[in-house]
>>> print(open('input_38.cif').read())   # mmCIF, C-alpha atoms and all ligand atoms
data_final
loop_
_atom_site.label_atom_id
_atom_site.label_comp_id
_atom_site.auth_asym_id
_atom_site.auth_seq_id
_atom_site.Cartn_x
_atom_site.Cartn_y
_atom_site.Cartn_z
CA MET V 21 -10.94 23.49 28.58
CA THR V 22 -7.94 24.56 26.53
CA ASP V 23 -6.67 21.93 24.16
CA SER V 24 -2.98 22.72 24.30
CA HIS V 25 -2.30 20.26 21.47
CA SER V 26 -4.57 22.07 19.07
CA GLU V 27 -2.60 22.98 15.95
CA HIS V 28 -3.27 24.68 12.67
CA LEU V 29 -2.46 22.94 9.40
CA PRO V 30 -1.61 25.65 6.87
CA VAL V 31 -3.95 25.53 3.90
CA LEU V 32 -2.70 25.50 0.27
CA LEU V 33 0.83 25.86 1.62
CA ASN V 34 2.90 24.88 -1.43
CA GLU V 35 0.57 26.69 -3.82
CA THR V 36 0.75 29.90 -1.78
CA ILE V 37 4.53 29.89 -1.45
CA ALA V 38 4.93 29.18 -5.18
CA ALA V 39 2.45 31.95 -6.08
CA LEU V 40 4.27 34.51 -3.92
CA ALA V 41 7.48 33.75 -5.92
CA VAL V 42 9.50 34.65 -2.80
CA LYS V 43 12.68 36.65 -3.53
CA ALA V 44 15.59 35.64 -1.29
CA ASP V 45 16.36 39.23 -0.26
CA GLY V 46 12.73 40.37 -0.27
CA PHE V 47 10.50 42.07 2.32
CA TYR V 48 7.30 40.17 3.17
CA ILE V 49 4.18 40.58 5.30
CA ASP V 50 2.07 37.73 6.63
CA GLY V 51 -1.09 39.57 7.68
CA THR V 52 -2.57 36.47 9.38
CA PHE V 53 0.32 34.82 11.21
CA GLY V 54 -1.82 32.28 13.12
CA ARG V 55 0.58 29.54 14.15
CA GLY V 56 3.11 30.56 11.51
CA GLY V 57 2.69 27.67 9.09
CA HIS V 58 2.93 29.88 6.00
CA ALA V 59 5.35 32.29 7.68
CA ARG V 60 7.92 29.56 8.36
CA GLN V 61 7.84 28.54 4.70
CA VAL V 62 8.39 32.13 3.60
CA LEU V 63 11.33 32.38 6.02
CA ALA V 64 12.74 29.15 4.58
CA GLN V 65 12.99 30.89 1.17
CA LEU V 66 14.63 34.07 2.50
CA SER V 67 18.36 34.84 2.73
CA ASP V 68 19.88 36.62 5.75
CA ASN V 69 18.90 39.91 4.07
CA GLY V 70 15.24 39.00 3.63
CA ARG V 71 12.64 40.12 6.19
CA LEU V 72 9.17 39.02 7.26
CA ILE V 73 6.67 40.85 9.47
CA GLY V 74 3.81 38.80 10.89
CA LEU V 75 0.53 40.39 12.03
CA ASP V 76 -2.34 38.91 14.00
CA LYS V 77 -5.08 40.11 16.32
CA ASP V 78 -5.01 37.00 18.45
CA PRO V 79 -2.89 36.91 21.65
CA ALA V 80 -2.13 33.18 21.29
CA ALA V 81 -0.88 33.75 17.73
CA ILE V 82 1.23 36.65 19.00
CA ALA V 83 2.79 34.40 21.68
CA THR V 84 3.81 31.90 18.97
CA GLY V 85 5.15 34.78 16.88
CA GLN V 86 7.19 36.11 19.80
CA ALA V 87 8.83 32.71 20.23
CA LEU V 88 9.71 32.68 16.52
CA GLU V 89 11.01 36.26 16.77
CA LYS V 90 13.53 35.08 19.41
CA GLU V 91 14.73 32.26 17.13
CA ASP V 92 14.89 34.18 13.89
CA PRO V 93 16.24 37.76 13.61
CA ARG V 94 14.66 38.17 10.16
CA PHE V 95 11.18 37.94 11.67
CA THR V 96 9.07 40.49 13.60
CA ILE V 97 5.56 40.02 15.02
CA GLU V 98 3.02 42.79 15.69
CA GLN V 99 -0.42 42.56 17.30
CA CYS V 100 -2.86 44.49 15.13
CA SER V 101 -5.43 44.06 12.40
CA PHE V 102 -4.15 43.56 8.87
CA ALA V 103 -6.36 46.57 8.08
CA ASP V 104 -3.69 48.61 9.94
CA MET V 105 -0.78 47.27 7.91
CA THR V 106 0.05 50.71 6.48
CA ASP V 107 1.00 51.94 9.97
CA VAL V 108 3.27 48.95 10.47
CA VAL V 109 4.83 49.42 7.03
CA ASN V 110 5.46 53.12 7.74
CA ASP V 111 7.02 52.32 11.13
CA HIS V 112 9.44 49.95 9.37
CA LEU V 113 10.06 52.38 6.46
CA TRP V 114 8.86 49.72 4.03
CA GLN V 115 6.43 51.90 2.04
CA GLY V 116 6.48 50.77 -1.62
CA ARG V 117 9.18 48.20 -0.85
CA VAL V 118 7.09 45.18 0.09
CA ASP V 119 7.68 42.20 -2.23
CA GLY V 120 4.79 40.06 -1.06
CA ILE V 121 1.79 39.96 1.27
CA LEU V 122 -0.22 36.96 2.41
CA LEU V 123 -3.73 37.14 3.88
CA ASP V 124 -5.03 33.73 4.97
CA ILE V 125 -8.23 35.06 6.43
CA GLY V 126 -10.81 33.67 8.81
CA VAL V 127 -10.30 31.67 11.97
CA SER V 128 -7.52 29.28 12.91
CA SER V 129 -8.11 25.73 14.11
CA PRO V 130 -6.97 26.53 17.69
CA GLN V 131 -9.51 29.36 17.87
CA ILE V 132 -12.29 26.91 16.99
CA ASP V 133 -10.90 24.07 19.11
CA GLU V 134 -10.49 26.04 22.34
CA ALA V 135 -13.95 26.18 23.92
CA GLU V 136 -13.26 29.31 25.98
CA ARG V 137 -12.74 31.40 22.84
CA GLY V 138 -16.46 30.99 22.18
CA PHE V 139 -16.27 30.34 18.41
CA SER V 140 -17.60 26.78 18.43
CA PHE V 141 -21.23 25.75 18.59
CA GLN V 142 -20.10 22.23 19.43
CA LYS V 143 -18.14 23.02 22.58
CA ASP V 144 -19.57 24.78 25.58
CA GLY V 145 -17.82 28.03 26.35
CA PRO V 146 -18.47 31.71 26.97
CA LEU V 147 -20.07 33.37 23.95
CA ASP V 148 -17.08 35.54 23.02
CA MET V 149 -15.88 35.05 19.39
CA ARG V 150 -13.36 37.90 19.44
CA MET V 151 -10.05 37.23 17.68
CA ASN V 152 -8.59 39.65 20.21
CA PRO V 153 -10.53 39.14 23.46
CA ASP V 154 -8.97 42.34 24.86
CA ALA V 155 -10.60 44.61 22.27
CA GLY V 156 -14.16 45.39 21.25
CA ILE V 157 -17.29 43.68 22.56
CA SER V 158 -18.02 39.97 22.82
CA ALA V 159 -20.84 38.21 20.96
CA ALA V 160 -22.72 37.87 24.27
CA GLU V 161 -22.46 41.62 24.95
CA TRP V 162 -23.67 42.45 21.47
CA LEU V 163 -26.61 40.01 21.58
CA ALA V 164 -27.65 41.38 24.99
CA THR V 165 -28.50 44.83 23.62
CA ALA V 166 -28.62 44.80 19.80
CA LYS V 167 -31.90 45.68 18.08
CA VAL V 168 -33.82 42.79 16.60
CA GLU V 169 -33.52 44.38 13.13
CA ASP V 170 -29.73 44.54 13.43
CA ILE V 171 -29.47 40.93 14.58
CA THR V 172 -31.73 39.88 11.69
CA PHE V 173 -29.62 41.84 9.19
CA VAL V 174 -26.34 40.34 10.43
CA ILE V 175 -27.61 36.75 10.42
CA LYS V 176 -29.26 37.13 7.02
CA THR V 177 -26.45 38.96 5.21
CA LEU V 178 -23.28 37.69 6.88
CA GLY V 179 -24.58 34.17 7.47
CA GLU V 180 -26.67 33.97 4.30
CA GLU V 181 -29.28 32.44 6.63
CA ARG V 182 -32.82 32.74 5.30
CA PHE V 183 -34.33 32.14 8.74
CA GLY V 184 -32.45 35.13 10.20
CA LYS V 185 -35.63 36.86 11.35
CA ARG V 186 -36.94 33.84 13.26
CA ILE V 187 -33.56 33.35 14.92
CA ALA V 188 -33.26 37.03 15.85
CA ASN V 189 -36.79 36.97 17.33
CA ALA V 190 -35.90 33.89 19.37
CA ILE V 191 -32.75 35.60 20.67
CA VAL V 192 -34.64 38.72 21.71
CA GLU V 193 -37.47 36.73 23.35
CA THR V 194 -34.99 34.56 25.26
CA ARG V 195 -32.82 37.41 26.52
CA GLU V 196 -35.87 39.02 28.16
CA HIS V 197 -35.83 36.30 30.81
CA THR V 198 -32.41 34.58 30.41
CA PRO V 199 -29.11 36.19 29.38
CA ILE V 200 -27.50 34.40 26.40
CA VAL V 201 -23.98 33.83 27.57
CA SER V 202 -22.75 30.46 26.30
CA THR V 203 -22.08 28.93 22.89
CA THR V 204 -24.17 25.81 23.39
CA GLN V 205 -27.05 27.91 24.76
CA LEU V 206 -27.07 29.97 21.55
CA ALA V 207 -26.68 26.83 19.41
CA ALA V 208 -29.67 25.16 21.09
CA LEU V 209 -31.75 28.31 20.77
CA VAL V 210 -31.00 28.52 17.01
CA ASP V 211 -31.72 24.81 16.58
CA LYS V 212 -35.14 25.28 18.22
CA ALA V 213 -35.96 28.33 16.08
CA MET V 214 -35.24 26.56 12.77
CA PRO V 215 -38.27 25.07 10.98
CA PHE V 216 -36.29 22.02 9.83
CA ARG V 217 -32.85 20.43 9.98
CA GLU V 218 -30.46 20.22 7.04
CA LYS V 219 -28.56 17.03 6.40
CA ASN V 220 -24.91 17.07 7.54
CA LYS V 221 -25.00 20.67 8.76
CA HIS V 222 -25.50 21.92 12.29
CA PRO V 223 -28.43 24.36 12.26
CA ALA V 224 -26.32 27.03 14.01
CA THR V 225 -23.45 26.96 11.47
CA ARG V 226 -24.54 30.03 9.51
CA THR V 227 -25.64 32.02 12.57
CA PHE V 228 -22.27 31.49 14.30
CA GLN V 229 -20.44 32.47 11.11
CA ALA V 230 -22.51 35.64 10.80
CA ILE V 231 -21.99 36.77 14.40
CA ARG V 232 -18.26 36.01 14.24
CA ILE V 233 -17.83 38.03 11.04
CA TYR V 234 -19.76 40.93 12.54
CA ILE V 235 -18.01 40.95 15.93
CA ASN V 236 -14.57 40.94 14.27
CA ASN V 237 -15.45 43.40 11.50
CA GLU V 238 -14.06 40.84 9.10
CA LEU V 239 -15.42 42.00 5.75
CA GLU V 240 -14.58 45.66 6.33
CA ASP V 241 -11.07 44.78 7.48
CA LEU V 242 -10.62 42.68 4.36
CA LYS V 243 -11.70 45.50 2.03
CA VAL V 244 -9.33 47.96 3.70
CA ALA V 245 -6.47 45.46 3.70
CA LEU V 246 -6.82 44.76 -0.03
CA GLU V 247 -6.50 48.46 -0.85
CA HIS V 248 -3.65 49.07 1.56
CA SER V 249 -1.81 46.01 0.29
CA LEU V 250 -1.70 47.42 -3.21
CA ASP V 251 -0.50 50.76 -1.82
CA VAL V 252 2.45 49.33 0.11
CA LEU V 253 3.59 46.70 -2.42
CA ALA V 254 6.61 47.39 -4.64
CA VAL V 255 6.00 47.23 -8.39
CA GLY V 256 6.27 43.51 -9.21
CA GLY V 257 5.23 42.61 -5.64
CA ARG V 258 2.56 39.98 -5.10
CA LEU V 259 -0.54 39.72 -2.95
CA ALA V 260 -1.93 36.25 -2.17
CA VAL V 261 -5.31 35.95 -0.45
CA ILE V 262 -6.89 32.74 0.85
CA THR V 263 -10.60 32.92 1.68
CA PHE V 264 -12.92 30.37 3.26
CA HIS V 265 -16.40 31.39 2.22
CA SER V 266 -18.21 32.94 -0.67
CA LEU V 267 -18.79 36.38 0.90
CA GLU V 268 -15.06 36.92 1.35
CA ASP V 269 -14.11 35.39 -1.97
CA ARG V 270 -16.60 37.63 -3.77
CA ILE V 271 -14.97 40.72 -2.26
CA VAL V 272 -11.49 39.58 -3.29
CA LYS V 273 -12.54 38.44 -6.76
CA ARG V 274 -14.37 41.70 -7.56
CA TYR V 275 -11.63 43.92 -6.19
CA PHE V 276 -8.96 42.12 -8.17
CA ARG V 277 -11.09 42.11 -11.32
CA ASP V 278 -11.75 45.87 -11.08
CA GLU V 279 -8.15 46.78 -10.33
CA ALA V 280 -6.87 44.51 -13.13
CA ARG V 281 -9.27 46.21 -15.54
CA GLY V 282 -8.00 49.71 -14.76
CA ASP V 283 -9.73 53.07 -15.35
CA ASP V 284 -13.49 52.92 -15.47
CA LEU V 285 -14.19 54.35 -18.95
CA PRO V 286 -17.09 53.59 -21.32
CA SER V 287 -16.43 50.37 -23.25
CA ASN V 288 -16.54 52.21 -26.61
CA PHE V 289 -13.78 54.64 -25.57
CA PRO V 290 -11.08 54.50 -28.30
CA ILE V 291 -8.12 53.17 -26.26
CA THR V 292 -6.45 49.80 -25.74
CA ALA V 293 -6.70 47.75 -22.52
CA ASP V 294 -3.19 48.66 -21.32
CA GLN V 295 -3.99 52.38 -21.68
CA LEU V 296 -6.57 51.91 -18.90
CA ASN V 297 -3.66 51.86 -16.41
CA PRO V 298 -4.49 48.63 -14.58
CA ARG V 299 -2.79 48.59 -11.17
CA ILE V 300 -2.40 44.83 -11.08
CA LYS V 301 -2.41 41.72 -13.18
CA LEU V 302 -4.01 38.45 -12.12
CA VAL V 303 -1.50 35.65 -11.53
CA GLY V 304 -3.15 32.45 -12.73
CA LYS V 305 -6.67 31.39 -11.84
CA ALA V 306 -8.26 30.82 -8.46
CA ILE V 307 -6.66 27.78 -6.80
CA LYS V 308 -8.45 25.20 -4.64
CA ALA V 309 -7.07 22.36 -2.55
CA GLY V 310 -6.49 19.03 -4.30
CA ASN V 311 -7.66 15.64 -3.05
CA GLU V 312 -4.34 14.88 -1.40
CA GLU V 313 -4.63 17.94 0.86
CA LEU V 314 -8.35 17.38 1.49
CA ASP V 315 -7.61 13.85 2.73
CA VAL V 316 -5.45 15.22 5.55
CA ASN V 317 -7.15 18.58 6.08
CA PRO V 318 -10.90 18.69 5.38
CA ARG V 319 -10.88 22.34 6.54
CA ALA V 320 -9.24 23.19 3.20
CA ARG V 321 -12.46 22.17 1.44
CA SER V 322 -13.75 25.71 1.01
CA ALA V 323 -10.40 27.49 0.67
CA VAL V 324 -9.76 29.59 -2.45
CA LEU V 325 -6.39 31.20 -3.21
CA ARG V 326 -6.21 34.25 -5.50
CA VAL V 327 -2.97 36.00 -6.40
CA VAL V 328 -2.17 39.29 -8.12
CA GLU V 329 0.98 41.20 -9.07
CA LYS V 330 1.32 44.96 -8.77
CA LEU V 331 1.97 46.73 -12.08
CA LEU V 332 1.98 50.39 -10.99
C1 LIG S 401 -6.55 30.91 8.98
S1 LIG S 401 -5.62 31.56 10.29
C2 LIG S 401 -4.02 31.80 9.60
C3 LIG S 401 -3.15 30.61 9.74
C4 LIG S 401 -1.71 30.81 9.30
N1 LIG S 401 -1.59 31.09 7.90
C5 LIG S 401 -0.88 29.58 9.66
O1 LIG S 401 -0.36 28.95 8.75
O2 LIG S 401 -0.77 29.28 10.85
C6 LIG S 401 -6.20 33.19 10.37
C7 LIG S 401 -5.52 34.05 11.43
O3 LIG S 401 -5.77 35.40 11.08
C8 LIG S 401 -6.07 36.12 12.25
N2 LIG S 401 -6.90 37.25 11.81
C9 LIG S 401 -8.15 37.21 11.35
N3 LIG S 401 -8.55 38.45 11.01
C10 LIG S 401 -7.51 39.26 11.25
C11 LIG S 401 -7.29 40.66 11.07
N4 LIG S 401 -8.23 41.47 10.61
N5 LIG S 401 -6.08 41.14 11.37
C12 LIG S 401 -5.09 40.33 11.85
N6 LIG S 401 -5.25 39.02 12.05
C13 LIG S 401 -6.44 38.50 11.74
C14 LIG S 401 -6.75 35.15 13.16
O4 LIG S 401 -6.58 35.56 14.50
C15 LIG S 401 -6.01 33.85 12.84
O5 LIG S 401 -4.92 33.67 13.71
#
>>> encode(input="input_38.cif", output="structure tokens")
Amino acid sequence: MTDSHSEHLPVLLNETIAALAVKADGFYIDGTFGRGGHARQVLAQLSDNGRLIGLDKDPAAIATGQALEKEDPRFTIEQCSFADMTDVVNDHLWQGRVDGILLDIGVSSPQIDEAERGFSFQKDGPLDMRMNPDAGISAAEWLATAKVEDITFVIKTLGEERFGKRIANAIVETREHTPIVSTTQLAALVDKAMPFREKNKHPATRTFQAIRIYINNELEDLKVALEHSLDVLAVGGRLAVITFHSLEDRIVKRYFRDEARGDDLPSNFPITADQLNPRIKLVGKAIKAGNEELDVNPRARSAVLRVVEKLL
């Protein structure tokens, strides 16, 4: 059943807005609009000349964005992946003029809370897991036909689940006589396949994470979006990225480190660091939520914010 009261508390809100150093007349992109928690704070810093475009794949996020669009002429919402932001930027003639981009990646609380979206192993719903249920294939459709090796690979690499092979075998054995179509059915199947239970962690946590990341192409979209963000930013523009697990954070951290280092020349090459033409500089260190935020929003526990500024 839909929980119409389900809301999303924006994570690291003050830290993100401060790190973006919002310019009153600036042009901004929120690549993960969600319920607009961060977006509204960006709008609060903008003058009448400032502009914000929100992107999201999710139809419920788009509906919230459309309501905001009616209230605020400085704001526009578009339904697409943040990996397609270059197209949006070109349509708006913003190429090289963007002052800041926010990517607060992963799932929103309403997506998890609404059973029929199929993201939660705790609530019974159809096994869907698509951020945009009108595009691509659902988790159930994928599990119905995928090869056991592919299921193993996804669960092991994207879920960092060492029992990926056992779980994949159990899925393939089960689907021979019973289609796997609901979240709790998959959760129970994973639970049964695990050799032991971990304390304070549902046995299906990592498997659900893996399948969700795969179905939504999350890591690939992130890699593309990081590159495109640096392309469309103005010099001096900032990119802020919030991640929620180590696989994503590793991608962001490495990309930023490499781009901040510049040209890949041998270390004994006789030039100074600034002659390596770094595209960006790191703005501060990685930021995590403080105790005050964690008290009200335990979901912020694994959030990491990294920020860079474009140099050239
Ligand atoms: C953590 S929530 C963002 C919450 C938002 N900052 C707020 O304050 O309400 C992540 C959102 O990003 C969306 N999303 C995830 N991957 C996406 C992608 N590749 N392109 C566009 N939106 C994406 C999800 O649908 C979800 O609404």
>>> residues_near_ligand(input="input_38.cif", ligand="ligand LIG 401 (chain S)", cutoff="9 Å", atoms="all atoms listed in the file", output="PyMOL selection string")
chain V and resi 27-31+33+50-60+75-82+99-105+122-131+150-152+236-242+245+262-264
>>> write_last_selection(input="input_38.cif", atoms="C-alpha atoms", output="PDB file, in the frame of the given file")
ATOM      1  CA  GLU V  27      -2.600  22.980  15.950  1.00  0.00           C
ATOM      2  CA  HIS V  28      -3.270  24.680  12.670  1.00  0.00           C
ATOM      3  CA  LEU V  29      -2.460  22.940   9.400  1.00  0.00           C
ATOM      4  CA  PRO V  30      -1.610  25.650   6.870  1.00  0.00           C
ATOM      5  CA  VAL V  31      -3.950  25.530   3.900  1.00  0.00           C
ATOM      6  CA  LEU V  33       0.830  25.860   1.620  1.00  0.00           C
ATOM      7  CA  ASP V  50       2.070  37.730   6.630  1.00  0.00           C
ATOM      8  CA  GLY V  51      -1.090  39.570   7.680  1.00  0.00           C
ATOM      9  CA  THR V  52      -2.570  36.470   9.380  1.00  0.00           C
ATOM     10  CA  PHE V  53       0.320  34.820  11.210  1.00  0.00           C
ATOM     11  CA  GLY V  54      -1.820  32.280  13.120  1.00  0.00           C
ATOM     12  CA  ARG V  55       0.580  29.540  14.150  1.00  0.00           C
ATOM     13  CA  GLY V  56       3.110  30.560  11.510  1.00  0.00           C
ATOM     14  CA  GLY V  57       2.690  27.670   9.090  1.00  0.00           C
ATOM     15  CA  HIS V  58       2.930  29.880   6.000  1.00  0.00           C
ATOM     16  CA  ALA V  59       5.350  32.290   7.680  1.00  0.00           C
ATOM     17  CA  ARG V  60       7.920  29.560   8.360  1.00  0.00           C
ATOM     18  CA  LEU V  75       0.530  40.390  12.030  1.00  0.00           C
ATOM     19  CA  ASP V  76      -2.340  38.910  14.000  1.00  0.00           C
ATOM     20  CA  LYS V  77      -5.080  40.110  16.320  1.00  0.00           C
ATOM     21  CA  ASP V  78      -5.010  37.000  18.450  1.00  0.00           C
ATOM     22  CA  PRO V  79      -2.890  36.910  21.650  1.00  0.00           C
ATOM     23  CA  ALA V  80      -2.130  33.180  21.290  1.00  0.00           C
ATOM     24  CA  ALA V  81      -0.880  33.750  17.730  1.00  0.00           C
ATOM     25  CA  ILE V  82       1.230  36.650  19.000  1.00  0.00           C
ATOM     26  CA  GLN V  99      -0.420  42.560  17.300  1.00  0.00           C
ATOM     27  CA  CYS V 100      -2.860  44.490  15.130  1.00  0.00           C
ATOM     28  CA  SER V 101      -5.430  44.060  12.400  1.00  0.00           C
ATOM     29  CA  PHE V 102      -4.150  43.560   8.870  1.00  0.00           C
ATOM     30  CA  ALA V 103      -6.360  46.570   8.080  1.00  0.00           C
ATOM     31  CA  ASP V 104      -3.690  48.610   9.940  1.00  0.00           C
ATOM     32  CA  MET V 105      -0.780  47.270   7.910  1.00  0.00           C
ATOM     33  CA  LEU V 122      -0.220  36.960   2.410  1.00  0.00           C
ATOM     34  CA  LEU V 123      -3.730  37.140   3.880  1.00  0.00           C
ATOM     35  CA  ASP V 124      -5.030  33.730   4.970  1.00  0.00           C
ATOM     36  CA  ILE V 125      -8.230  35.060   6.430  1.00  0.00           C
ATOM     37  CA  GLY V 126     -10.810  33.670   8.810  1.00  0.00           C
ATOM     38  CA  VAL V 127     -10.300  31.670  11.970  1.00  0.00           C
ATOM     39  CA  SER V 128      -7.520  29.280  12.910  1.00  0.00           C
ATOM     40  CA  SER V 129      -8.110  25.730  14.110  1.00  0.00           C
ATOM     41  CA  PRO V 130      -6.970  26.530  17.690  1.00  0.00           C
ATOM     42  CA  GLN V 131      -9.510  29.360  17.870  1.00  0.00           C
ATOM     43  CA  ARG V 150     -13.360  37.900  19.440  1.00  0.00           C
ATOM     44  CA  MET V 151     -10.050  37.230  17.680  1.00  0.00           C
ATOM     45  CA  ASN V 152      -8.590  39.650  20.210  1.00  0.00           C
ATOM     46  CA  ASN V 236     -14.570  40.940  14.270  1.00  0.00           C
ATOM     47  CA  ASN V 237     -15.450  43.400  11.500  1.00  0.00           C
ATOM     48  CA  GLU V 238     -14.060  40.840   9.100  1.00  0.00           C
ATOM     49  CA  LEU V 239     -15.420  42.000   5.750  1.00  0.00           C
ATOM     50  CA  GLU V 240     -14.580  45.660   6.330  1.00  0.00           C
ATOM     51  CA  ASP V 241     -11.070  44.780   7.480  1.00  0.00           C
ATOM     52  CA  LEU V 242     -10.620  42.680   4.360  1.00  0.00           C
ATOM     53  CA  ALA V 245      -6.470  45.460   3.700  1.00  0.00           C
ATOM     54  CA  ILE V 262      -6.890  32.740   0.850  1.00  0.00           C
ATOM     55  CA  THR V 263     -10.600  32.920   1.680  1.00  0.00           C
ATOM     56  CA  PHE V 264     -12.920  30.370   3.260  1.00  0.00           C
TER      57      PHE V 264
END
>>> axis_aligned_box(input="input_38.cif", around="range 184-203 of chain V", padding_each_side="4 Å", output="AutoDock Vina command-line options")
--center_x -29.8 --center_y 34.0 --center_z 20.5 --size_x 23.4 --size_y 18.1 --size_z 28.6
>>> residues_near_point(input="input_38.cif", point="(-1.5, 48.5, -14.6)", cutoff="9 Å", atoms="all atoms listed in the file", output="short mmCIF file (atom, residue, chain, number, x, y, z; two decimals) with C-alpha atoms, in the frame of the given file")
data_model
loop_
_atom_site.label_atom_id
_atom_site.label_comp_id
_atom_site.auth_asym_id
_atom_site.auth_seq_id
_atom_site.Cartn_x
_atom_site.Cartn_y
_atom_site.Cartn_z
CA GLU V 279 -8.15 46.78 -10.33
CA ALA V 280 -6.87 44.51 -13.13
CA ARG V 281 -9.27 46.21 -15.54
CA GLY V 282 -8.00 49.71 -14.76
CA ASP V 294 -3.19 48.66 -21.32
CA GLN V 295 -3.99 52.38 -21.68
CA LEU V 296 -6.57 51.91 -18.90
CA ASN V 297 -3.66 51.86 -16.41
CA PRO V 298 -4.49 48.63 -14.58
CA ARG V 299 -2.79 48.59 -11.17
CA ILE V 300 -2.40 44.83 -11.08
CA LYS V 301 -2.41 41.72 -13.18
CA LYS V 330 1.32 44.96 -8.77
CA LEU V 331 1.97 46.73 -12.08
CA LEU V 332 1.98 50.39 -10.99
#
>>> closest_residue(input="input_38.cif", among="V:Leu147, V:Ala159, V:Leu72, V:Leu267", to="Thr177 in chain V", atoms="all atoms listed in the file")
V:Leu267
>>> residues_around(input="input_38.cif", residues="Ile187 in chain V", least_positions_apart="3", cutoff="6 Å", atoms="all atoms listed in the file", output="JSON, numbers by chain")
{"V": [184, 190, 210, 213]}
